[in-house]
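Participant: Before we start, here is the structure in question, set down as structure tokens.
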2 protein chains.
Amino acid sequence: MKILQVNDQISIKRSVDNGTGEQRKSVVNILQEVKKSGDKALHHFTLRFDGVSIERHRVTEVEIEKAFGEIDSEMIGIIEEAANHIEDFHRMQKRESWFKTLDNGTLLGQKMTPLDSVGVYVPGGTAAYPSSVLMNVLPAKVAGVKRIVMVSPPDQDGKIPAGVLVAAKVAGVEEIYKVGGAQAVGALAYGTESIKPVDKIVGPGNIYVALAKREVFGDVDIDMIAGPSEIVVLADETASPVEAAADLLSQAEHDENASAVVVTTSEELAGEISREVDRQLEDLPRRAIAAKSIEQFGAIYVVKELADAIEVVNQLAPEHLEILTVDPMDVMAKIRHAGAIFLGRFSSEPVGDYFAGPNHVLPTNGTARFSSPLNVDDFIKKSSIISYSKAALEQNYKKIAALARLEGLEAHARAVEVRFTKD
Amino acid sequence: MKILQVNDQISIKRSVDNGTGEQRKSVVNILQEVKKSGDKALHHFTLRFDGVSIERHRVTEVEIEKAFGEIDSEMIGIIEEAANHIEDFHRMQKRESWFKTLDNGTLLGQKMTPLDSVGVYVPGGTAAYPSSVLMNVLPAKVAGVKRIVMVSPPDQDGKIPAGVLVAAKVAGVEEIYKVGGAQAVGALAYGTESIKPVDKIVGPGNIYVALAKREVFGDVDIDMIAGPSEIVVLADETASPVEAAADLLSQAEHDENASAVVVTTSEELAGEISREVDRQLEDLPRRAIAAKSIEQFGAIYVVKELADAIEVVNQLAPEHLEILTVDPMDVMAKIRHAGAIFLGRFSSEPVGDYFAGPNHVLPTNGTARFSSPLNVDDFIKKSSIISYSKAALEQNYKKIAALARLEGLEAHARAVEVRFTKD
């Protein structure tokens with residue numbers, strides 16, 4: 001791994017992939033076809049892109065039962081336990097509607113209402129992760145969303161992987177369709193004969209899915225467009241190079257474009273981590289991917305003081321941050337920008353990927369400066385509640401009218417005045 | 001006003017304005033120029049679009065003092081009172097960081113951190129509303145955002161309206177620049193020699209501003225793109241036609257594309273409101289605008305039952321909803337989709353525009369199905385906190401490793417195992 005001294009300004013930000021002109025045109029065309037021809041278009045594009053002719057897109061109860069038969073029962077128990085942890089953590093986030101009243105009879109508040117319906121996109125192929133199903137579905141379920149729809153591209157046998165179906169069932173999804181790509185996004189946004197439209201689409205996907213989500217945004221809501229995964233390990237001389245290297249590789253194995261970065265006050269540790277990464281790479285099944293990621297985007301920054309390390313991390317605004325120092329809690333207090341923060345040596349990053357409860361859908365590419373992990377608020381909207389009594393309006397309507405006239409809006413002024421002048 | 005019987009599916013949704021190809025090209029060009037030439041580009045485009053040569057874009061303390069001289073002190077007092085109400089209401093929304101612990105030494109939580117910096121766009125000309133300054137700035141201030149920057153296009157004399165400067169000062173803005181249009185958005189997103197970049201841009205603007213915000217989204221966060229204003233009045237036979245008509249017109253006077261709609265169980269009221277709207281239109285200063293809005297987008301829907309009226313409102317998902325019925329609280333409980341809900345005859349919609357405290361930046365064009373009024377959460381991001389003790393990881397690492405291997409991610413499994421196997 002590269003060992004570097006830190007310059008003033010460092011960044012792991014890469015440019016967002018907006019697709020090629022060809023890809024964008026293709027997505028717009030697919031969306032239009034789905035809007036126009038509904039299920040017929042879904043059948044057509046599924047045959048073309050997934051190479052399989054699907055008669056009925058909806059997954060049946062029989063298929064789900066069969067999936068349970070394919071996964072061993074101990075594993076199902078672990079998935080259920082993970083789901084419980086995720087539900088527990090997200091339940092803590094949920095806010096109730098609230099109001100406050102004033103002596104003059106004013107009532108003001110916020111009414112919290114779950115979205116009516118949400119669509120969850122689950123990628124196909126090797127990226128079909130049961131954990132991704134749990135992480136995207138459960139916050140919506142905890143929020144109280146009544147209709148949660150899952151879509152995922154079928155494999156060549158017209159199937160969705162058993163692990164994904166089991167996770168969907170455990171998470172409480174009742175409506176699953178075998179359809180993927182931009183055509184699935186179109187179906188969720190506009191509806192077809194067999195799929196009713198939803199209000200929001202979440203979940204990761206390839207460039208076509210990402211472009212389609214961007215295109216339907218406004219007609220429906222979408223979650224953020226995810227970039228490649230990132231980890232930053234902030235370590236002092238007390239960190240174990242073996243553990244730090246293992247955690248770096250758990251990120252690097254995701255994707256050649258993933259990034260694994262260390263910021264440390266210890267020159268000695270830097271060297272040890274670098275050697276450990278090479279050593280542990282040797283017998284890793286996904287070695288080619290991880291090695292490419294480390295080569296392209298891996299780096300170890302050596303800084304003078306812990307304060308400098310914290311400043312570097314705040315500049316990077318990483319998706320995942322591990323703090324491997326003497327007093328991780330103290331360092332955490334000074335971190336302003338990070339998606340998820342893992343404290344101490346027993347909080348290895350994969351703990352958060354699967355099991356602990358916090359969401360693994362996190363802001364990438366420096367967007368932790370302004371965005372958050374997927375959470376219950378993403379599936380709840382607020383309505384302001386305003387109730388003025390006669391006394392409250394009487395006390396205030398002249399001021400309201402004055403403000404309206406300052407802005408040249410006479411009808412606004414008259415609307416409050418008419419309550420008292422017309423009788 | 002048109003009086004209609006309701007069909008199955010009604011909507012006040014209009015297509016989003018994505019600009020012409022010419023407008024989009026122009027915006028991309030302006031943004032590139034600002035990125036490349038910084039202040040020089042700002043000077044150039046301000047001269048070209050605002051017709052004024054600005055030497056120094058930053059508004060001085062002297063200019064702000066002068067603005068206070070131009071607004072009478074009673075009005076300043078009212079602006080301050082409105083600001084207090086807005087701050088009070090938004091303070092109720094603020095959530096603290098939280099954590100929970102488990103007996104095995106696990107600590108999980110969410111750390112709430114305000115954004116570092118926010119830019120507020122304030123439109124120029126007749127749309128330069130002091131209330132808009134308060135509504136966009138104060139939630140950010142309550143959230144704890146340290147750096148709040150305001151930009152607004154200068155008039156032909158190189159000035160920003162006094163009311164806007166006064167509101168900015170009252171709201172606590174320290175940094176104001178005389179620059180507008182796409183060039184202002186570019187400066188906020190990329191920074192120039194004299195304007196440091198921000199993390200999020202909020203506030204309404206014309207089509208060039210809206211397109212520019214969409215373009216820089218991802219580099220920075222943006223708020224929603226606002227459409228024309230809407231009001232729906234849900235009324236039974238107890239409502240006053242005079243008051244209902246006045247409230248409809250307060251919305252219609254905003255914009256020819258604004259929409260004012262009534263949903264009522266009373267055929268008689270429908271006729272009375274229609275006549276009242278015509279009567280009140282007669283001597284309205286902004287009569288031409290309001291009449292055009294009513295003609296284009298005004299409608300009164302007559303339904304059989306209150307339950308039908310509620311269903312229609314939920315389909316419309318209006319920005320503003322007034323409930324003028326015998327028991328407004330009971331109706332409100334059944335409303336799922338609306339930006340702001342005004343209860344009873346003394347809660348005329350302008351009460352919420354200026355003074356009561358809830359935000360007047362609201363979801364338009366049916367987006368209340370999935371989005372919320374501007375609020376403190378829009379200026380705060382969350383970081384997940386995960387701290388496992390040795391006991392917690394010991395208890396769970398085999399399950400975590402099993403999940404990782406189910407997904408084919410061996411390095412993930414090894415990362416948790418190495419904590420226990422290496423010694």
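How things are named: the first chain in the structure tokens is A, the next is B, and so on; residues count from 1 in each chain; ligands count from 1 in the order shown.
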Determine which residues of chain B sit within 7 Å of chain A, taking into account only C-alpha atoms, and present them as a PyMOL selection string.
Facilitator: chain B and resi 78+113+115+129+199+221+243+246-247+249-250+253+284-285+336+338-344+346-348+350-351+354-355+358+369-373+381-390+393+399-400+407+410-412+414-416+418-419
Participant: Which polymer residues have any atom within 12 Å of an atom of Pro197 (chain B), counting only C-alpha atoms, with same-chain residues fewer than 2 positions away left out, as a VMD selection string?
Facilitator: chain B and resid 34 to 35 38 116 to 119 147 to 150 184 to 195 199 to 201 216 219 to 221
Participant: Go ahead and save the residues from that selection, with N, CA, C and O atoms, as a short mmCIF file (atom, residue, chain, number, x, y, z; two decimals), in the first residue's frame.
Facilitator:
```
data_model
loop_
_atom_site.label_atom_id
_atom_site.label_comp_id
_atom_site.auth_asym_id
_atom_site.auth_seq_id
_atom_site.Cartn_x
_atom_site.Cartn_y
_atom_site.Cartn_z
N VAL B 34 -18.06 29.71 -14.12
CA VAL B 34 -17.84 30.06 -12.72
C VAL B 34 -16.77 29.16 -12.11
O VAL B 34 -15.88 29.62 -11.38
N LYS B 35 -16.81 27.89 -12.46
CA LYS B 35 -15.83 26.93 -11.96
C LYS B 35 -14.42 27.34 -12.42
O LYS B 35 -13.46 27.22 -11.69
N GLY B 38 -14.16 31.86 -11.66
CA GLY B 38 -14.48 32.40 -10.34
C GLY B 38 -15.11 33.78 -10.37
O GLY B 38 -16.05 34.03 -11.14
N ASP B 116 -21.88 21.76 7.95
CA ASP B 116 -20.91 22.83 8.20
C ASP B 116 -21.38 24.16 7.63
O ASP B 116 -21.21 25.21 8.24
N SER B 117 -21.97 24.12 6.42
CA SER B 117 -22.28 25.39 5.75
C SER B 117 -23.45 25.22 4.79
O SER B 117 -23.61 24.17 4.18
N VAL B 118 -24.25 26.27 4.69
CA VAL B 118 -25.45 26.25 3.86
C VAL B 118 -25.55 27.57 3.10
O VAL B 118 -25.24 28.62 3.65
N GLY B 119 -25.96 27.49 1.84
CA GLY B 119 -26.22 28.69 1.05
C GLY B 119 -27.72 28.85 0.84
O GLY B 119 -28.40 27.89 0.50
N ARG B 147 -22.03 28.24 9.32
CA ARG B 147 -21.84 29.24 8.25
C ARG B 147 -23.06 29.25 7.35
O ARG B 147 -23.31 28.28 6.63
N ILE B 148 -23.82 30.32 7.39
CA ILE B 148 -24.99 30.46 6.53
C ILE B 148 -24.75 31.64 5.60
O ILE B 148 -24.51 32.76 6.05
N VAL B 149 -24.77 31.36 4.32
CA VAL B 149 -24.44 32.37 3.31
C VAL B 149 -25.71 32.69 2.54
O VAL B 149 -26.44 31.78 2.14
N MET B 150 -25.98 33.96 2.30
CA MET B 150 -27.14 34.31 1.50
C MET B 150 -26.67 34.95 0.19
O MET B 150 -25.73 35.73 0.17
N ALA B 184 -24.78 32.36 -9.23
CA ALA B 184 -24.75 32.31 -7.76
C ALA B 184 -24.71 30.87 -7.27
O ALA B 184 -23.97 30.52 -6.34
N VAL B 185 -25.49 30.01 -7.93
CA VAL B 185 -25.50 28.59 -7.57
C VAL B 185 -24.12 27.98 -7.80
O VAL B 185 -23.60 27.22 -6.97
N GLY B 186 -23.49 28.34 -8.92
CA GLY B 186 -22.14 27.87 -9.21
C GLY B 186 -21.14 28.31 -8.16
O GLY B 186 -20.30 27.53 -7.70
N ALA B 187 -21.25 29.57 -7.74
CA ALA B 187 -20.32 30.09 -6.72
C ALA B 187 -20.50 29.33 -5.41
O ALA B 187 -19.52 28.96 -4.75
N LEU B 188 -21.76 29.05 -5.04
CA LEU B 188 -22.00 28.33 -3.79
C LEU B 188 -21.52 26.88 -3.86
O LEU B 188 -21.05 26.32 -2.88
N ALA B 189 -21.65 26.27 -5.04
CA ALA B 189 -21.27 24.86 -5.18
C ALA B 189 -19.76 24.69 -5.30
O ALA B 189 -19.18 23.79 -4.69
N TYR B 190 -19.12 25.54 -6.10
CA TYR B 190 -17.69 25.32 -6.39
C TYR B 190 -16.77 26.30 -5.67
O TYR B 190 -15.58 26.05 -5.57
N GLY B 191 -17.33 27.42 -5.23
CA GLY B 191 -16.51 28.45 -4.61
C GLY B 191 -15.81 29.32 -5.64
O GLY B 191 -15.62 28.91 -6.79
N THR B 192 -15.49 30.55 -5.22
CA THR B 192 -14.69 31.47 -6.06
C THR B 192 -13.65 32.09 -5.13
O THR B 192 -13.57 31.72 -3.96
N GLU B 193 -12.87 33.06 -5.64
CA GLU B 193 -11.88 33.71 -4.78
C GLU B 193 -12.54 34.36 -3.57
O GLU B 193 -11.99 34.36 -2.47
N SER B 194 -13.74 34.90 -3.75
CA SER B 194 -14.34 35.66 -2.65
C SER B 194 -15.48 34.91 -1.94
O SER B 194 -15.92 35.33 -0.88
N ILE B 195 -15.97 33.81 -2.52
CA ILE B 195 -17.06 33.06 -1.88
C ILE B 195 -16.61 31.61 -1.66
O ILE B 195 -16.32 30.90 -2.62
N ASP B 199 -22.11 23.31 1.63
CA ASP B 199 -22.46 21.89 1.51
C ASP B 199 -23.88 21.66 1.01
O ASP B 199 -24.21 20.58 0.54
N LYS B 200 -24.74 22.68 1.11
CA LYS B 200 -26.12 22.52 0.69
C LYS B 200 -26.66 23.86 0.24
O LYS B 200 -26.32 24.89 0.82
N ILE B 201 -27.49 23.84 -0.81
CA ILE B 201 -28.09 25.08 -1.32
C ILE B 201 -29.61 24.96 -1.22
O ILE B 201 -30.19 24.00 -1.71
N VAL B 216 -25.82 20.82 -9.96
CA VAL B 216 -24.74 20.70 -8.96
C VAL B 216 -25.08 19.67 -7.87
O VAL B 216 -24.25 19.38 -7.00
N ASP B 219 -22.58 17.13 -5.93
CA ASP B 219 -21.42 17.88 -5.41
C ASP B 219 -21.82 18.53 -4.10
O ASP B 219 -21.03 18.62 -3.16
N VAL B 220 -23.04 19.06 -4.07
CA VAL B 220 -23.62 19.59 -2.83
C VAL B 220 -25.04 19.04 -2.75
O VAL B 220 -25.57 18.52 -3.72
N ASP B 221 -25.64 19.17 -1.58
CA ASP B 221 -27.05 18.80 -1.45
C ASP B 221 -27.90 19.99 -1.87
O ASP B 221 -27.44 21.14 -1.87
#
```
Participant: Calculate how many Å separate CA of Glu22 (chain B) from CA of Arg48 (chain B), rounding to one decimal.
Facilitator: 16.9 Å
Participant: Please determine, counting only C-alpha atoms, which residue among A:Glu268, A:Glu215, A:Glu311, A:Glu61 has the shortest atom-to-atom distance to Lys25 (chain A).
Facilitator: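 Residue with the minimum atom-to-atom distance to Lys25 (chain A): A:Glu215.
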Participant: Could you pull out the alpha helix (DSSP H) residues of region 77-323 of chain B, going by DSSP on the backbone, and write them as a PyMOL selection string?
Facilitator: chain B and resi 77-91+130-143+162-171+181-190+207-216+241-252+267-281+287-297+306-316
Participant: Could you tell me how far CA of Ser152 (chain B) sits from CA of Gly51 (chain B), in Å to one decimal place?
Facilitator: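 CA of Gly51 (chain B) sits 14.2 Å away from CA of Ser152 (chain B).
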Participant: Can you tell me how far CA of Ala171 (chain A) sits from CA of Leu134 (chain A), in Å to one decimal?
Facilitator: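 Answer for the CA of Ala171 (chain A) to CA of Leu134 (chain A) separation: 6.0 Å.
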Participant: Identify, with DSSP run on backbone atoms, the residues in region 46-257 of chain A assigned to strand (DSSP E), and express the list as a ChimeraX atom specification.
Facilitator: /A:98-101,107-114,117-121,147-152,175-178,200-202,221-222,230-235
Participant: Which residue gives the smallest distance to Asn314 (chain B) among B:Val232, B:Val361, B:Gly69, B:Asn206, with only C-alpha atoms counted?
Facilitator: B:Val232
